[in-house]
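**Student:** My structure file final_34.cif, mmCIF, C-alpha atoms and all ligand atoms, is below:
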data_my_file
#
loop_
_atom_site.label_atom_id
_atom_site.label_comp_id
_atom_site.auth_asym_id
_atom_site.auth_seq_id
_atom_site.Cartn_x
_atom_site.Cartn_y
_atom_site.Cartn_z
CA MET A 27 67.22 -182.80 -191.60
CA THR A 28 68.47 -184.33 -194.85
CA ILE A 29 66.37 -186.93 -196.55
CA SER A 30 69.07 -189.54 -195.92
CA ALA A 31 68.92 -188.74 -192.21
CA MET A 32 65.13 -189.01 -192.41
CA TYR A 33 65.50 -192.51 -193.81
CA ALA A 34 68.03 -193.51 -191.16
CA ALA A 35 66.24 -192.06 -188.13
CA PRO A 36 63.21 -193.70 -186.52
CA SER A 37 60.29 -192.15 -188.36
CA ASP A 38 58.22 -189.38 -186.78
CA ALA A 39 55.23 -191.65 -187.28
CA LEU A 40 56.56 -194.17 -184.79
CA ILE A 41 57.62 -191.49 -182.35
CA GLN A 42 54.15 -189.96 -182.51
CA ARG A 43 52.46 -193.20 -181.53
CA ASP A 44 52.99 -192.32 -177.88
CA HIS A 45 51.99 -188.69 -178.40
CA ALA A 46 49.52 -187.14 -180.81
CA PRO A 47 47.46 -189.10 -183.35
CA ALA A 48 48.80 -188.81 -186.91
CA ILE A 49 45.51 -187.21 -187.95
CA SER A 50 42.97 -185.67 -185.62
CA ALA A 51 39.69 -184.13 -186.75
CA SER A 52 37.52 -182.34 -184.18
CA ASN A 53 34.07 -181.36 -185.30
CA VAL A 54 35.22 -180.61 -188.86
CA SER A 55 32.65 -179.35 -191.33
CA LYS A 56 32.99 -178.32 -194.96
CA ARG A 57 30.39 -176.56 -197.04
CA TYR A 58 30.50 -175.79 -200.75
CA GLY A 59 27.99 -172.93 -200.84
CA PRO A 60 24.67 -174.58 -200.00
CA VAL A 61 26.14 -178.13 -200.18
CA SER A 62 27.28 -179.63 -196.90
CA ALA A 63 30.05 -182.11 -197.79
CA LEU A 64 31.20 -182.86 -194.20
CA GLU A 65 29.22 -182.37 -191.00
CA GLY A 66 30.92 -182.25 -187.59
CA LEU A 67 33.48 -184.99 -188.33
CA THR A 68 35.44 -186.12 -185.26
CA LEU A 69 38.02 -188.81 -185.93
CA ASP A 70 41.56 -189.86 -184.95
CA VAL A 71 43.92 -191.86 -187.15
CA HIS A 72 46.77 -193.52 -185.23
CA ALA A 73 50.37 -193.37 -186.34
CA GLY A 74 51.41 -196.39 -188.39
CA GLU A 75 47.95 -197.76 -189.17
CA VAL A 76 46.20 -198.24 -192.50
CA PHE A 77 42.88 -196.46 -192.06
CA GLY A 78 40.01 -196.79 -194.54
CA LEU A 79 37.31 -194.25 -195.33
CA LEU A 80 34.40 -196.24 -196.66
CA GLY A 81 31.37 -194.60 -198.20
CA PRO A 82 29.33 -194.31 -201.38
CA ASN A 83 29.94 -191.62 -204.00
CA GLY A 84 29.38 -188.15 -202.59
CA SER A 85 29.81 -189.15 -198.94
CA GLY A 86 32.68 -186.69 -198.33
CA LYS A 87 35.78 -188.90 -198.58
CA THR A 88 37.61 -186.78 -201.17
CA THR A 89 36.63 -183.59 -199.36
CA PHE A 90 38.24 -184.88 -196.14
CA MET A 91 41.41 -185.84 -198.02
CA ARG A 92 41.63 -182.47 -199.76
CA LEU A 93 41.24 -180.73 -196.40
CA LEU A 94 44.13 -182.80 -195.01
CA ALA A 95 46.31 -182.04 -198.03
CA GLY A 96 45.61 -178.31 -197.63
CA TYR A 97 43.78 -177.97 -200.96
CA LEU A 98 40.65 -176.81 -199.15
CA LEU A 99 39.99 -175.02 -195.86
CA PRO A 100 37.49 -176.35 -193.31
CA SER A 101 34.34 -174.25 -192.80
CA ALA A 102 34.41 -175.16 -189.08
CA GLY A 103 36.26 -177.35 -186.61
CA ARG A 104 39.91 -178.21 -186.07
CA LEU A 105 42.05 -180.51 -188.18
CA MET A 106 45.54 -181.55 -187.02
CA VAL A 107 48.15 -183.50 -188.99
CA ALA A 108 51.27 -184.78 -187.19
CA GLY A 109 50.48 -182.29 -184.43
CA HIS A 110 50.18 -179.31 -186.81
CA ASP A 111 47.02 -177.35 -187.55
CA VAL A 112 46.12 -177.58 -191.28
CA VAL A 113 44.97 -173.96 -191.28
CA GLY A 114 47.57 -172.29 -189.06
CA ASP A 115 50.59 -174.39 -190.04
CA SER A 116 49.92 -175.61 -193.57
CA ILE A 117 53.58 -175.62 -194.66
CA ALA A 118 54.55 -178.02 -191.84
CA VAL A 119 51.52 -180.17 -192.67
CA ARG A 120 52.58 -180.49 -196.32
CA ARG A 121 56.01 -181.75 -195.27
CA HIS A 122 54.34 -184.61 -193.37
CA ILE A 123 51.88 -185.60 -196.10
CA GLY A 124 52.02 -187.40 -199.42
CA TYR A 125 48.76 -187.23 -201.36
CA VAL A 126 47.62 -189.25 -204.36
CA PRO A 127 44.37 -187.84 -205.74
CA GLU A 128 42.02 -190.10 -207.65
CA ALA A 129 43.27 -188.86 -211.04
CA ALA A 130 46.87 -187.97 -210.19
CA PRO A 131 48.53 -185.62 -212.71
CA LEU A 132 51.81 -187.11 -213.99
CA TYR A 133 53.27 -184.41 -216.34
CA ARG A 134 52.95 -186.64 -219.40
CA GLN A 135 55.97 -185.30 -221.27
CA MET A 136 58.43 -186.12 -218.45
CA ARG A 137 60.21 -189.43 -217.94
CA VAL A 138 59.39 -191.25 -214.70
CA GLY A 139 62.80 -190.53 -213.10
CA GLU A 140 62.69 -186.86 -214.14
CA PHE A 141 59.16 -186.52 -212.85
CA LEU A 142 60.08 -187.98 -209.45
CA ALA A 143 63.12 -185.69 -209.20
CA PHE A 144 60.92 -182.72 -210.11
CA MET A 145 58.38 -183.65 -207.40
CA ALA A 146 61.16 -184.19 -204.82
CA ARG A 147 62.47 -180.65 -205.46
CA LEU A 148 58.95 -179.25 -205.30
CA ARG A 149 58.53 -180.84 -201.86
CA GLY A 150 61.73 -179.25 -200.58
CA VAL A 151 64.17 -182.19 -200.78
CA PRO A 152 67.64 -180.53 -200.86
CA GLU A 153 69.34 -180.75 -204.26
CA ARG A 154 72.17 -182.96 -202.96
CA ASP A 155 69.59 -185.53 -201.75
CA VAL A 156 67.30 -185.58 -204.80
CA LYS A 157 69.15 -188.30 -206.76
CA GLY A 158 69.31 -190.63 -203.75
CA ALA A 159 65.66 -190.02 -202.86
CA VAL A 160 64.57 -190.88 -206.42
CA GLU A 161 66.76 -194.00 -206.54
CA ARG A 162 65.37 -195.19 -203.24
CA ILE A 163 61.74 -194.76 -204.22
CA VAL A 164 62.28 -196.28 -207.70
CA ASP A 165 63.81 -199.28 -206.00
CA ARG A 166 61.18 -199.52 -203.26
CA LEU A 167 58.24 -199.37 -205.68
CA ALA A 168 59.93 -201.54 -208.34
CA LEU A 169 59.88 -198.82 -211.01
CA SER A 170 63.35 -199.34 -212.46
CA ALA A 171 62.02 -200.99 -215.65
CA VAL A 172 60.12 -197.79 -216.51
CA ALA A 173 62.35 -195.09 -214.98
CA ASP A 174 63.41 -193.84 -218.44
CA LYS A 175 59.97 -194.04 -220.02
CA PRO A 176 57.77 -190.99 -220.52
CA THR A 177 54.90 -191.11 -218.01
CA ARG A 178 52.37 -190.94 -220.87
CA ALA A 179 53.60 -194.37 -222.08
CA LEU A 180 52.93 -196.17 -218.77
CA SER A 181 50.35 -198.88 -218.20
CA LYS A 182 47.63 -198.05 -215.67
CA GLY A 183 49.37 -200.13 -212.95
CA TYR A 184 52.72 -198.41 -213.45
CA ARG A 185 50.97 -195.03 -213.62
CA GLN A 186 49.35 -195.69 -210.23
CA ARG A 187 52.69 -196.84 -208.81
CA THR A 188 54.41 -193.70 -210.15
CA ALA A 189 51.68 -191.58 -208.57
CA LEU A 190 52.40 -193.35 -205.28
CA ALA A 191 56.16 -192.82 -205.74
CA GLN A 192 55.74 -189.06 -206.20
CA ALA A 193 53.76 -188.95 -202.94
CA LEU A 194 56.51 -190.86 -201.08
CA VAL A 195 59.63 -189.31 -202.58
CA HIS A 196 60.04 -186.80 -199.69
CA ASP A 197 59.48 -189.62 -197.14
CA PRO A 198 56.33 -188.23 -195.52
CA ASP A 199 54.94 -189.88 -192.36
CA ILE A 200 51.39 -189.81 -193.69
CA LEU A 201 50.17 -191.04 -197.02
CA ILE A 202 46.70 -190.21 -198.34
CA LEU A 203 45.38 -192.31 -201.22
CA ASP A 204 42.06 -191.53 -202.89
CA GLU A 205 40.61 -194.75 -204.35
CA PRO A 206 44.07 -196.27 -204.99
CA THR A 207 42.82 -199.38 -206.81
CA ASN A 208 40.34 -197.62 -209.06
CA GLY A 209 40.67 -198.85 -212.65
CA LEU A 210 43.34 -201.48 -211.91
CA ASP A 211 43.07 -205.09 -213.10
CA PRO A 212 42.85 -207.91 -210.50
CA ARG A 213 46.60 -208.57 -210.40
CA GLN A 214 47.38 -204.86 -210.11
CA ILE A 215 44.81 -204.57 -207.30
CA ILE A 216 46.56 -207.35 -205.36
CA GLU A 217 49.97 -205.72 -205.93
CA MET A 218 48.69 -202.31 -204.84
CA ARG A 219 47.16 -203.84 -201.70
CA GLN A 220 50.46 -205.54 -200.83
CA LEU A 221 52.29 -202.30 -201.45
CA ILE A 222 49.96 -200.38 -199.13
CA ARG A 223 50.34 -203.03 -196.41
CA SER A 224 54.12 -202.84 -196.74
CA LEU A 225 53.95 -199.10 -195.99
CA ALA A 226 52.08 -199.56 -192.68
CA GLY A 227 54.12 -199.05 -189.54
CA ARG A 228 56.67 -196.78 -191.09
CA HIS A 229 53.88 -194.63 -192.59
CA THR A 230 50.33 -193.86 -191.58
CA VAL A 231 48.10 -194.59 -194.58
CA LEU A 232 44.62 -193.18 -195.15
CA ILE A 233 42.76 -194.67 -198.10
CA SER A 234 39.28 -194.12 -199.46
CA SER A 235 37.16 -196.73 -201.11
CA HIS A 236 33.58 -197.70 -201.82
CA ILE A 237 34.51 -201.39 -202.08
CA LEU A 238 33.99 -203.30 -198.82
CA SER A 239 36.22 -206.25 -199.68
CA GLU A 240 39.07 -203.91 -200.57
CA VAL A 241 38.89 -202.14 -197.21
CA GLU A 242 38.52 -205.45 -195.39
CA LYS A 243 41.74 -206.81 -196.90
CA THR A 244 43.83 -203.65 -196.64
CA CYS A 245 42.89 -201.68 -193.53
CA ASP A 246 43.51 -201.95 -189.78
CA ARG A 247 40.52 -199.72 -189.02
CA VAL A 248 37.66 -198.35 -191.05
CA ALA A 249 35.29 -195.39 -190.80
CA VAL A 250 31.94 -195.36 -192.58
CA LEU A 251 30.84 -192.00 -194.02
CA LEU A 252 27.44 -191.22 -195.46
CA ASN A 253 26.26 -187.81 -196.64
CA GLY A 254 29.19 -186.14 -194.90
CA ARG A 255 28.49 -187.75 -191.54
CA LEU A 256 30.57 -190.31 -189.69
CA LEU A 257 28.39 -193.33 -188.92
CA GLY A 258 30.96 -195.47 -187.11
CA VAL A 259 34.59 -196.56 -186.72
CA ARG A 260 35.72 -200.15 -186.21
CA ALA A 261 38.93 -202.13 -186.04
CA MET A 262 38.90 -204.84 -188.69
CA ALA A 263 40.10 -207.31 -186.04
CA ASP A 264 36.81 -206.67 -184.16
CA THR A 265 34.66 -206.84 -187.29
CA PRO A 266 34.27 -210.41 -188.51
CA ASP A 267 31.49 -209.38 -190.91
CA LEU A 268 32.15 -205.94 -192.40
CA GLU A 269 29.19 -206.23 -194.75
CA ALA A 270 26.74 -206.89 -191.90
CA TRP A 271 28.16 -203.99 -189.88
CA PHE A 272 28.04 -201.67 -192.91
CA LEU A 273 24.43 -202.60 -193.64
CA SER A 274 23.46 -202.07 -189.99
CA LEU A 275 24.73 -198.49 -190.26
CA THR A 276 23.45 -197.39 -193.67
N1 LIG A 301 33.84 -178.28 -205.64
C1 LIG A 301 32.63 -178.63 -205.24
N2 LIG A 301 31.59 -177.77 -205.33
C2 LIG A 301 30.36 -178.12 -204.90
N3 LIG A 301 30.04 -179.32 -204.36
C3 LIG A 301 31.03 -180.22 -204.24
C4 LIG A 301 32.37 -179.93 -204.69
N4 LIG A 301 33.14 -181.03 -204.43
C5 LIG A 301 32.33 -181.95 -203.86
N5 LIG A 301 31.06 -181.46 -203.77
C6 LIG A 301 29.92 -182.16 -203.16
O1 LIG A 301 30.28 -182.52 -201.83
C7 LIG A 301 29.78 -183.80 -201.51
C8 LIG A 301 30.92 -184.73 -201.10
O2 LIG A 301 31.74 -184.98 -202.24
P1 LIG A 301 33.11 -185.80 -202.18
O3 LIG A 301 33.72 -185.72 -203.56
O4 LIG A 301 33.90 -185.33 -201.04
O5 LIG A 301 32.58 -187.27 -201.90
P2 LIG A 301 33.28 -188.67 -202.14
O6 LIG A 301 32.82 -189.55 -201.05
O7 LIG A 301 34.74 -188.49 -202.32
O8 LIG A 301 32.67 -189.13 -203.54
P3 LIG A 301 33.36 -190.01 -204.72
O9 LIG A 301 33.49 -191.41 -204.20
O10 LIG A 301 32.34 -189.88 -205.83
O11 LIG A 301 34.67 -189.36 -205.05
C9 LIG A 301 28.99 -184.26 -202.73
O12 LIG A 301 27.64 -183.90 -202.53
C10 LIG A 301 29.60 -183.46 -203.86
O13 LIG A 301 28.67 -183.28 -204.90
#
For this file, produce the structure as structure tokens.

**Tutor:**
Amino acid sequence: MTISAMYAAPSDALIQRDHAPAISASNVSKRYGPVSALEGLTLDVHAGEVFGLLGPNGSGKTTFMRLLAGYLLPSAGRLMVAGHDVVGDSIAVRRHIGYVPEAAPLYRQMRVGEFLAFMARLRGVPERDVKGAVERIVDRLALSAVADKPTRALSKGYRQRTALAQALVHDPDILILDEPTNGLDPRQIIEMRQLIRSLAGRHTVLISSHILSEVEKTCDRVAVLLNGRLLGVRAMADTPDLEAWFLSLT
């Protein structure tokens, strides 16, 4: 399917709502030698929702995201993304995922437009569709003012937005954002939150954070992780006091 057809067609994410969860973890564990970073994690993320992973430093949030993105392999358990196994079908999984790590590399010598075109090609967007895909994402994320600037010259807010654009340029169903507001100023935090909310529905968004108020304002549902273990999952609509719930768990 061409990227233009992907934009025109109802997204896989919406189709999946009636079928498989966008992300499904069954008893997933990850060890780094003697360190247990995730312990028997079982969790479903529904298509089209913004889902928050909340936990202090070292609770396993980044490890879970890196497993989903195929950068790491689980030590045990089964992890499915858009109906594909991350171990057995990693190429299909990568097509469905856009990932923004906490410190996203931006190839500092490239201009923003060039960088996005480079990332689109890397993700398998056909050559004839690259220009259109870049134009669409530059427009959608309001990057036109900086499209000709080298990425090294960007402000932190624009850098974060460019990192998000590279993760969306191939129009994945699922977007994974590790601490997306880290280091942003208050206005940039608000803009990033609005941007994430605007992606819900068409995309499934998984974000990590250790800031309760951030999760409260951005997410539809939240999971609390501590020391690699899942302590609970709640819909924000059913959680009038996130702080009280969090404290009751930890
Ligand atoms: N490459 C690694 N080798 C060894 N231990 C690791 C490695 N990466 C993470 N860990 C350990 O795994 C545990 C979970 O780390 P992880 O980075 O997934 O947590 P986190 O919740 O994302 O933390 P943060 O908010 O600080 O990014 C921690 O104890 C961490 O020290």

**Student:** Counting only C-alpha atoms, which residues come within 12 Å of (39.4, -204.1, -209.7), with the point read in the file's coordinates, and could you list them as JSON, numbers by chain?

**Tutor:** {"A": [182, 183, 205, 206, 207, 208, 209, 210, 211, 212, 213, 214, 215, 216, 217, 218, 219, 235, 236, 237, 239, 240]}

**Student:** Calculate how many Å separate atom CA of A:Gly81 from atom CA of A:Asp199, rounding to one decimal.

**Tutor:**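 It comes out at 24.7 Å.
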
**Student:** Please return as number ranges by chain the residues found within 10 Å of ligand LIG 301 (chain A), counting all atoms listed in the file.

**Tutor:** A: 56-64, 79-93, 98, 127-128, 204-205, 234-236, 251-254

**Student:** Could you make a table, as JSON lines, of the residues of stretch 217-262 of chain A that have an atom within 12 Å of an atom of stretch 102-124 of chain A, each with its nearest atom pair and distance in Å to one decimal, counting only C-alpha atoms, in chain and number order?

**Tutor:**
{"residue": "A:His229", "atom": "CA", "partner": "A:Ile123", "partner_atom": "CA", "distance": 9.9}
{"residue": "A:Thr230", "atom": "CA", "partner": "A:Ile123", "partner_atom": "CA", "distance": 9.5}
{"residue": "A:Val231", "atom": "CA", "partner": "A:Gly124", "partner_atom": "CA", "distance": 9.5}
{"residue": "A:Leu232", "atom": "CA", "partner": "A:Gly124", "partner_atom": "CA", "distance": 10.3}
{"residue": "A:Ile233", "atom": "CA", "partner": "A:Gly124", "partner_atom": "CA", "distance": 11.8}

**Student:** Can you measure atom CA of A:Ala193 to atom CA of A:Val138 for me? One decimal in Å is fine.

**Tutor:**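 Atom-to-atom, atom CA of A:Ala193 to atom CA of A:Val138, that is 13.2 Å.
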
**Student:** What lies within 8 Å of A:Met136 using all atoms listed in the file, ignoring chain neighbours under 5 positions off, as an mmCIF file with C-alpha atoms, keeping the file's coordinate frame?

**Tutor:**
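Produced file result-v2.cif, reproduced below:
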data_model
loop_
_atom_site.group_PDB
_atom_site.id
_atom_site.type_symbol
_atom_site.label_atom_id
_atom_site.label_comp_id
_atom_site.auth_asym_id
_atom_site.auth_seq_id
_atom_site.Cartn_x
_atom_site.Cartn_y
_atom_site.Cartn_z
ATOM 1 C CA PHE A 141 59.160 -186.520 -212.850
ATOM 2 C CA PRO A 176 57.770 -190.990 -220.520
ATOM 3 C CA THR A 177 54.900 -191.110 -218.010
#

**Student:** Can you work out which one of A:Val259, A:Ile222, A:Cys245, A:Leu201 has the shortest atom-to-atom distance to A:Leu94, counting all atoms listed in the file?

**Tutor:** A:Leu201

**Student:** Using only the atoms of stretch 166-182 of chain A listed in the file, plus 5 Å on each side, state the axis-aligned box centre and edge lengths in Å rounded to one decimal, as JSON.

**Tutor:**
{"center_x": 55.5, "center_y": -196.2, "center_z": -212.7, "size_x": 25.8, "size_y": 20.6, "size_z": 28.8}

**Student:** Hey, which of A:Leu69, A:Ala143, A:Ile49, A:Gly74 ends up closest to A:Ser224? Count only C-alpha atoms.

**Tutor:** A:Gly74

**Student:** Determine the nearest neighbour of A:Tyr133 from the options A:Arg260, A:Lys157, A:Arg147, A:Arg178, counting only C-alpha atoms.

**Tutor:**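 Of all the options, A:Arg178 lies closest to A:Tyr133.
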
**Student:** Under the rule that all atoms listed in the file are counted, which of A:Val71, A:Ala159, A:Leu268, A:Leu256 is the nearest residue to A:Gly139?

**Tutor:**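 Residue with the minimum atom-to-atom distance to A:Gly139: A:Ala159.
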
**Student:** Within 8 Å of A:Ala191, counting only C-alpha atoms, which residues qualify if same-chain residues fewer than 2 places away don't, as a PyMOL selection string?

**Tutor:** chain A and resi 142+163-164+167+187-189+193-195

**Student:** Store the residues picked out above in a file with C-alpha atoms, as a PDB file, in the frame of the given file.

**Tutor:**
ATOM      1  CA  LEU A 142      60.080-187.980-209.450  1.00  0.00           C
ATOM      2  CA  ILE A 163      61.740-194.760-204.220  1.00  0.00           C
ATOM      3  CA  VAL A 164      62.280-196.280-207.700  1.00  0.00           C
ATOM      4  CA  LEU A 167      58.240-199.370-205.680  1.00  0.00           C
ATOM      5  CA  ARG A 187      52.690-196.840-208.810  1.00  0.00           C
ATOM      6  CA  THR A 188      54.410-193.700-210.150  1.00  0.00           C
ATOM      7  CA  ALA A 189      51.680-191.580-208.570  1.00  0.00           C
ATOM      8  CA  ALA A 193      53.760-188.950-202.940  1.00  0.00           C
ATOM      9  CA  LEU A 194      56.510-190.860-201.080  1.00  0.00           C
ATOM     10  CA  VAL A 195      59.630-189.310-202.580  1.00  0.00           C
TER      11      VAL A 195
END

**Student:** Anything within 7 Å of (39.2, -200.1, -190.4): list those residues as a PyMOL selection string, counting all atoms listed in the file and sticking to the file's coordinates.

**Tutor:** chain A and resi 77-78+245-249+259-262

**Student:** For a test of reading the model, state the distance in Å between atom CA of A:Glu75 and atom CA of A:Ile202, rounded to one decimal.

**Tutor:** 11.9 Å

**Student:** Emit stretch 46-59 of chain A of the structure in the block as a file comprising N, CA and C atoms, as a short mmCIF file (atom, residue, chain, number, x, y, z; two decimals), in the first residue's frame.

**Tutor:**
data_model
loop_
_atom_site.label_atom_id
_atom_site.label_comp_id
_atom_site.auth_asym_id
_atom_site.auth_seq_id
_atom_site.Cartn_x
_atom_site.Cartn_y
_atom_site.Cartn_z
N ALA A 46 -7.82 -7.37 17.60
CA ALA A 46 -6.77 -7.51 18.60
C ALA A 46 -6.47 -6.16 19.25
N PRO A 47 -5.96 -6.17 20.51
CA PRO A 47 -5.47 -4.91 21.07
C PRO A 47 -4.28 -4.42 20.25
N ALA A 48 -4.01 -3.12 20.29
CA ALA A 48 -2.85 -2.58 19.56
C ALA A 48 -1.56 -3.17 20.11
N ILE A 49 -1.51 -3.27 21.44
CA ILE A 49 -0.34 -3.85 22.12
C ILE A 49 -0.85 -4.86 23.13
N SER A 50 -0.24 -6.04 23.14
CA SER A 50 -0.65 -7.04 24.12
C SER A 50 0.59 -7.72 24.70
N ALA A 51 0.77 -7.55 26.00
CA ALA A 51 1.90 -8.20 26.69
C ALA A 51 1.35 -9.31 27.57
N SER A 52 1.88 -10.52 27.43
CA SER A 52 1.46 -11.64 28.28
C SER A 52 2.66 -12.17 29.02
N ASN A 53 2.67 -11.88 30.32
CA ASN A 53 3.71 -12.44 31.18
C ASN A 53 5.12 -12.11 30.71
N VAL A 54 5.35 -10.88 30.28
CA VAL A 54 6.64 -10.49 29.70
C VAL A 54 7.65 -10.15 30.81
N SER A 55 8.81 -10.77 30.70
CA SER A 55 9.90 -10.45 31.62
C SER A 55 11.13 -10.07 30.83
N LYS A 56 11.95 -9.19 31.43
CA LYS A 56 13.24 -8.86 30.81
C LYS A 56 14.30 -8.76 31.89
N ARG A 57 15.37 -9.50 31.69
CA ARG A 57 16.50 -9.45 32.61
C ARG A 57 17.70 -8.88 31.88
N TYR A 58 18.48 -8.06 32.60
CA TYR A 58 19.80 -7.66 32.10
C TYR A 58 20.79 -8.37 33.02
N GLY A 59 21.26 -9.53 32.64
CA GLY A 59 22.13 -10.30 33.56
C GLY A 59 21.38 -10.52 34.86
#
